[in-house]
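A.B. asks: Sharing a structure here in structure tokens format.
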There are 2 protein chains.
Amino acid sequence: MTAPDEQLNRGFAALADPTRRSIVARLTRGDATVGELAEPHDMTVQAISKHVRVLEESGLVSRRREAQRRPCHLEAEVLDLMIGWIERYRRAAEERFRRLDAVLEQMATTENGVAQEQKGAAS
Amino acid sequence: MTAPDEQLNRGFAALADPTRRSIVARLTRGDATVGELAEPHDMTVQAISKHVRVLEESGLVSRRREAQRRPCHLEAEVLDLMIGWIERYRRAAEERFRRLDAVLEQMATTENGVAQEQKGAAS
DNA sequence: ACCCTATTCAACTAGTTGGTTGACAAACCG
DNA sequence: CGGTTTGTCAACCAACTAGTTGAATAGGGT
């Protein structure tokens, strides 16, 4: 079991490449072999094989054996982890704005506002 | 205005680095200068300045001038774009499973199932 | 004017990435 | 057995990354 921080490193890095994003998109329509994944990409099969490996190491795809084929399957788990991370901080930012708006509004009505920052920690 | 595909490239690449994720996390607690962002990281200010630049070029943070300081501000927009992308395909995968489950169930009850794949395109 | 603080620029380094070509391995098909 | 399909391994290359040190710029305080 890889540490979640490392999973985020690999997951985000994996999706930073448009070829790999397109592979993920393709896999939502069903499992596929390396050859099938390579077809629409003007690129050697070896290059696609490497991309698939990156996706596999990130946990975004898994593979089974099937004769000489090795079909790829999309795993939702790491996607969920990534959504979780982003949403946590996006939401926190929105929440902060909500509070800030409230403060500003109060300042406007009371005419003596001094805003303060709070301290904390997060990974 | 950068193309959304390029924004995804930069956005995901930006969040693939744990230092930058921690900077984003810090910024949800309020705007901060490069110096403030550098404090908790055992790393030179110059290195943090570079990370901030990457975040800025991805659109994840914006900056204003304030005397000789250049405070960083977290922007939610690209985060929303990234969530949108991930969720689209994660959801598609789940949907596919739901359909597959239905097919398998029908196969189990009718004892003569032959599953078929559908074709389509996505970026 | 002078210094201090905050930030960036420039040059360098070690390691990683994304692609190539060519050779190899594994499993099926006759 | 020999050939074909499917995929990987190895070596190489150009470009990029994440960090360093050292020098330069920009704005404010006194």
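Labels used: A, B, ... for chains in the order of the structure tokens, numbers from 1 for residues in each chain, and numbers from 1 for ligands as shown.
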Region 18-24 of chain D: which residues within 12 Å, counting only C-alpha atoms (C1' of nucleotides), same-chain residues fewer than 3 positions away excluded, as JSON, numbers by chain?
C.D. replies: {"B": [17, 18, 19, 20, 42, 43, 44, 45, 46, 47, 48, 49, 50, 51, 54], "C": [7, 8, 9, 10, 11, 12, 13, 14, 15, 16]}
A.B. asks: Restrict the selected residues to N, CA and C atoms (P, O5', C5', C4', C3', O3' and C1' of nucleotides) and save them as a CSV table (one decimal), in the first residue's frame.
C.D. replies:
```
chain,number,residue,atom,x,y,z
B,17,ASP,N,3.4,18.0,-7.5
B,17,ASP,CA,4.6,18.2,-6.6
B,17,ASP,C,4.0,18.5,-5.2
B,18,PRO,N,4.5,17.8,-4.2
B,18,PRO,CA,4.0,17.9,-2.8
B,18,PRO,C,4.3,19.3,-2.2
B,19,THR,N,5.4,19.9,-2.6
B,19,THR,CA,5.7,21.3,-2.1
B,19,THR,C,4.6,22.2,-2.6
B,20,ARG,N,4.2,22.1,-3.9
B,20,ARG,CA,3.2,23.0,-4.5
B,20,ARG,C,1.9,22.7,-3.9
B,42,ASP,N,11.9,23.5,4.2
B,42,ASP,CA,13.4,23.5,4.3
B,42,ASP,C,14.0,23.6,2.9
B,43,MET,N,14.0,24.8,2.4
B,43,MET,CA,14.3,25.0,1.0
B,43,MET,C,14.5,26.6,0.8
B,44,THR,N,15.3,26.9,-0.1
B,44,THR,CA,15.6,28.4,-0.3
B,44,THR,C,14.4,29.1,-0.8
B,45,VAL,N,14.3,30.4,-0.5
B,45,VAL,CA,13.2,31.3,-1.0
B,45,VAL,C,13.2,31.2,-2.5
B,46,GLN,N,14.3,31.1,-3.2
B,46,GLN,CA,14.3,31.1,-4.6
B,46,GLN,C,13.6,29.9,-5.2
B,47,ALA,N,13.8,28.8,-4.5
B,47,ALA,CA,13.1,27.6,-5.0
B,47,ALA,C,11.5,27.8,-4.8
B,48,ILE,N,11.1,28.3,-3.7
B,48,ILE,CA,9.7,28.6,-3.5
B,48,ILE,C,9.2,29.6,-4.6
B,49,SER,N,10.0,30.6,-4.8
B,49,SER,CA,9.6,31.5,-5.9
B,49,SER,C,9.3,30.8,-7.2
B,50,LYS,N,10.2,29.9,-7.5
B,50,LYS,CA,9.9,29.1,-8.8
B,50,LYS,C,8.6,28.3,-8.7
B,51,HIS,N,8.4,27.7,-7.6
B,51,HIS,CA,7.1,26.9,-7.4
B,51,HIS,C,5.9,27.8,-7.6
B,54,VAL,N,5.3,28.5,-11.2
B,54,VAL,CA,4.6,27.4,-11.8
B,54,VAL,C,3.1,27.4,-11.5
C,7,DT,P,7.9,38.6,-0.8
C,7,DT,O5',8.6,38.4,-2.2
C,7,DT,C5',8.5,39.5,-3.1
C,7,DT,C4',9.5,39.4,-4.2
C,7,DT,C3',9.6,38.0,-4.9
C,7,DT,O3',8.9,38.1,-6.1
C,7,DT,C1',11.7,39.0,-4.7
C,8,DT,P,8.7,36.9,-7.2
C,8,DT,O5',10.0,37.1,-8.2
C,8,DT,C5',10.1,38.4,-8.8
C,8,DT,C4',11.5,38.5,-9.4
C,8,DT,C3',11.8,37.4,-10.4
C,8,DT,O3',12.1,38.1,-11.7
C,8,DT,C1',13.6,37.7,-8.9
C,9,DC,P,12.1,37.3,-13.1
C,9,DC,O5',13.7,37.3,-13.4
C,9,DC,C5',14.4,38.5,-13.3
C,9,DC,C4',15.9,38.2,-13.5
C,9,DC,C3',16.2,37.1,-14.6
C,9,DC,O3',17.3,37.6,-15.4
C,9,DC,C1',17.2,36.6,-12.5
C,10,DA,P,17.6,36.9,-16.7
C,10,DA,O5',19.1,36.3,-16.5
C,10,DA,C5',19.9,36.8,-15.4
C,10,DA,C4',21.1,35.9,-15.3
C,10,DA,C3',21.3,34.8,-16.3
C,10,DA,O3',22.7,34.7,-16.6
C,10,DA,C1',21.1,33.8,-14.2
C,11,DA,P,23.2,33.8,-17.9
C,11,DA,O5',24.0,32.6,-17.2
C,11,DA,C5',24.9,32.9,-16.2
C,11,DA,C4',25.2,31.7,-15.4
C,11,DA,C3',25.4,30.4,-16.3
C,11,DA,O3',26.6,29.8,-16.0
C,11,DA,C1',23.9,30.0,-14.5
C,12,DC,P,27.2,28.6,-16.8
C,12,DC,O5',26.9,27.4,-15.8
C,12,DC,C5',27.5,27.4,-14.5
C,12,DC,C4',26.9,26.4,-13.7
C,12,DC,C3',26.8,24.9,-14.3
C,12,DC,O3',27.7,24.1,-13.6
C,12,DC,C1',24.8,25.5,-13.2
C,13,DT,P,28.0,22.6,-14.1
C,13,DT,O5',27.0,21.7,-13.2
C,13,DT,C5',27.0,21.8,-11.8
C,13,DT,C4',26.0,20.9,-11.2
C,13,DT,C3',26.0,19.5,-11.9
C,13,DT,O3',26.1,18.5,-11.0
C,13,DT,C1',23.8,20.5,-11.8
C,14,DA,P,26.4,17.0,-11.4
C,14,DA,O5',25.1,16.3,-10.9
C,14,DA,C5',24.5,16.6,-9.7
C,14,DA,C4',23.2,15.9,-9.5
C,14,DA,C3',23.1,14.5,-10.1
C,14,DA,O3',22.4,13.7,-9.2
C,14,DA,C1',21.6,15.9,-11.2
C,15,DG,P,22.0,12.2,-9.6
C,15,DG,O5',20.5,12.2,-10.1
C,15,DG,C5',19.5,12.9,-9.2
C,15,DG,C4',18.2,13.0,-10.0
C,15,DG,C3',17.8,11.7,-10.6
C,15,DG,O3',16.4,11.5,-10.3
C,15,DG,C1',17.8,13.5,-12.2
C,16,DT,P,15.6,10.2,-10.8
C,16,DT,O5',14.5,10.8,-11.8
C,16,DT,C5',13.8,11.9,-11.4
C,16,DT,C4',12.9,12.4,-12.5
C,16,DT,C3',12.1,11.3,-13.3
C,16,DT,O3',10.8,11.8,-13.4
C,16,DT,C1',13.4,12.6,-14.8
```
A.B. asks: Distance cut-off 9 Å, counting only C-alpha atoms (C1' of nucleotides) - which residues of chain C neighbour chain A? Return them as a ChimeraX atom specification.
C.D. replies: /C:18-20,26-28
A.B. asks: Just N, CA and C atoms (P, O5', C5', C4', C3', O3' and C1' of nucleotides) for this one: save the residues we selected as a PDB file, in the first residue's frame.
C.D. replies:
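File written: selection.pdb
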```
ATOM      1  P    DG C  18       6.071  12.310 -19.191  1.00  0.00           P
ATOM      2  O5'  DG C  18       6.464  12.226 -20.719  1.00  0.00           O
ATOM      3  C5'  DG C  18       6.640  13.426 -21.459  1.00  0.00           C
ATOM      4  C4'  DG C  18       7.106  13.065 -22.853  1.00  0.00           C
ATOM      5  C3'  DG C  18       6.333  11.899 -23.472  1.00  0.00           C
ATOM      6  O3'  DG C  18       6.061  12.221 -24.833  1.00  0.00           O
ATOM      7  C1'  DG C  18       8.625  11.399 -23.451  1.00  0.00           C
ATOM      8  P    DG C  19       4.979  11.315 -25.660  1.00  0.00           P
ATOM      9  O5'  DG C  19       5.916  10.472 -26.659  1.00  0.00           O
ATOM     10  C5'  DG C  19       6.408  11.074 -27.824  1.00  0.00           C
ATOM     11  C4'  DG C  19       7.819  10.654 -28.148  1.00  0.00           C
ATOM     12  C3'  DG C  19       8.032   9.295 -28.817  1.00  0.00           C
ATOM     13  O3'  DG C  19       7.594   9.293 -30.166  1.00  0.00           O
ATOM     14  C1'  DG C  19       9.850   9.893 -27.408  1.00  0.00           C
ATOM     15  P    DT C  20       7.468   7.890 -30.977  1.00  0.00           P
ATOM     16  O5'  DT C  20       8.991   7.574 -31.354  1.00  0.00           O
ATOM     17  C5'  DT C  20       9.738   8.502 -32.172  1.00  0.00           C
ATOM     18  C4'  DT C  20      11.200   8.072 -32.232  1.00  0.00           C
ATOM     19  C3'  DT C  20      11.397   6.661 -32.776  1.00  0.00           C
ATOM     20  O3'  DT C  20      11.547   6.716 -34.193  1.00  0.00           O
ATOM     21  C1'  DT C  20      12.721   7.011 -30.812  1.00  0.00           C
ATOM     22  P    DA C  26       9.491 -15.724 -21.744  1.00  0.00           P
ATOM     23  O5'  DA C  26       7.924 -15.496 -21.578  1.00  0.00           O
ATOM     24  C5'  DA C  26       7.339 -14.317 -22.083  1.00  0.00           C
ATOM     25  C4'  DA C  26       5.908 -14.551 -22.523  1.00  0.00           C
ATOM     26  C3'  DA C  26       5.439 -15.989 -22.478  1.00  0.00           C
ATOM     27  O3'  DA C  26       4.061 -15.931 -22.220  1.00  0.00           O
ATOM     28  C1'  DA C  26       5.408 -15.251 -24.712  1.00  0.00           C
ATOM     29  P    DA C  27       3.278 -17.174 -21.544  1.00  0.00           P
ATOM     30  O5'  DA C  27       2.163 -17.490 -22.640  1.00  0.00           O
ATOM     31  C5'  DA C  27       1.141 -16.525 -22.863  1.00  0.00           C
ATOM     32  C4'  DA C  27       0.660 -16.659 -24.280  1.00  0.00           C
ATOM     33  C3'  DA C  27       0.108 -18.054 -24.605  1.00  0.00           C
ATOM     34  O3'  DA C  27      -1.181 -17.889 -25.139  1.00  0.00           O
ATOM     35  C1'  DA C  27       1.538 -17.288 -26.296  1.00  0.00           C
ATOM     36  P    DC C  28      -2.328 -18.917 -24.860  1.00  0.00           P
ATOM     37  O5'  DC C  28      -2.884 -19.256 -26.328  1.00  0.00           O
ATOM     38  C5'  DC C  28      -3.649 -18.270 -26.985  1.00  0.00           C
ATOM     39  C4'  DC C  28      -3.187 -18.161 -28.429  1.00  0.00           C
ATOM     40  C3'  DC C  28      -3.739 -19.272 -29.323  1.00  0.00           C
ATOM     41  O3'  DC C  28      -4.794 -18.713 -30.123  1.00  0.00           O
ATOM     42  C1'  DC C  28      -1.482 -18.651 -29.846  1.00  0.00           C
TER      43       DC C  28
END
```
A.B. asks: I need the residues in region 19-112 of chain A that are helix (DSSP H, G or I) according to DSSP; give them as a ChimeraX atom specification.
C.D. replies: /A:19-27,34-38,45-58,77-110
A.B. asks: Please report as a VMD selection string which residues of chain B come no farther than 8 Å from chain A, using only C-alpha atoms.
C.D. replies: chain B and resid 5 8 to 13 15 to 18 21 to 22 24 to 30 74 76 79 to 80 83 86 to 87 89 to 90 92 to 94 96 117 to 123
A.B. asks: At a cut-off of 10 Å, can you tabulate as a tab-separated table every residue of chain D near chain A together with its closest atom pair and the distance in Å to one decimal, using only C-alpha atoms (C1' of nucleotides) and ordering rows by chain then number?
C.D. replies:
```
residue	atom	partner	partner_atom	distance
D:DT5	C1'	A:Gln68	CA	8.1
D:DT6	C1'	A:Gln68	CA	5.9
D:DG7	C1'	A:Arg69	CA	7.6
D:DT8	C1'	A:Gln46	CA	8.0
```
A.B. asks: Env of DC2 (chain C): 12 Å cut, atoms = only C-alpha atoms (C1' of nucleotides), seq-sep filter 5 positions within chain, self excluded. Answer as a ChimeraX atom specification.
C.D. replies: /D:28-30
A.B. asks: Which polymer residues have any atom within 12 Å of an atom of DA23 (chain C), counting only C-alpha atoms (C1' of nucleotides), with same-chain residues fewer than 3 positions away left out, as number ranges by chain?
C.D. replies: D: 8-11
A.B. asks: For N, CA and C atoms (P, O5', C5', C4', C3', O3' and C1' of nucleotides), I'd like the residues from the last selection saved as a CSV table (one decimal), in the first residue's frame.
C.D. replies:
```
chain,number,residue,atom,x,y,z
D,8,DT,P,3.3,-4.3,-22.0
D,8,DT,O5',4.8,-4.7,-22.0
D,8,DT,C5',5.2,-5.9,-21.4
D,8,DT,C4',6.7,-6.2,-21.6
D,8,DT,C3',7.6,-5.1,-21.0
D,8,DT,O3',8.5,-5.7,-20.2
D,8,DT,C1',8.2,-5.4,-23.2
D,9,DC,P,9.4,-4.9,-19.1
D,9,DC,O5',10.9,-5.0,-19.6
D,9,DC,C5',11.3,-6.2,-20.1
D,9,DC,C4',12.7,-6.0,-20.8
D,9,DC,C3',13.6,-4.9,-20.2
D,9,DC,O3',14.9,-5.4,-20.1
D,9,DC,C1',13.2,-4.5,-22.5
D,10,DA,P,16.0,-4.7,-19.3
D,10,DA,O5',16.9,-4.0,-20.5
D,10,DA,C5',17.1,-4.6,-21.7
D,10,DA,C4',18.1,-3.8,-22.6
D,10,DA,C3',18.8,-2.7,-21.8
D,10,DA,O3',20.1,-2.6,-22.4
D,10,DA,C1',17.5,-1.7,-23.5
D,11,DA,P,21.2,-1.7,-21.7
D,11,DA,O5',21.5,-0.6,-22.8
D,11,DA,C5',21.6,-1.0,-24.1
D,11,DA,C4',21.5,0.3,-25.0
D,11,DA,C3',22.1,1.5,-24.4
D,11,DA,O3',23.0,2.0,-25.5
D,11,DA,C1',19.9,2.0,-25.1
```
A.B. asks: Rounded to one decimal place, report the C1' of DC13 (chain D)-CA of Leu37 (chain A) distance in Å.
C.D. replies: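 Interatomic distance here is 25.2 Å.
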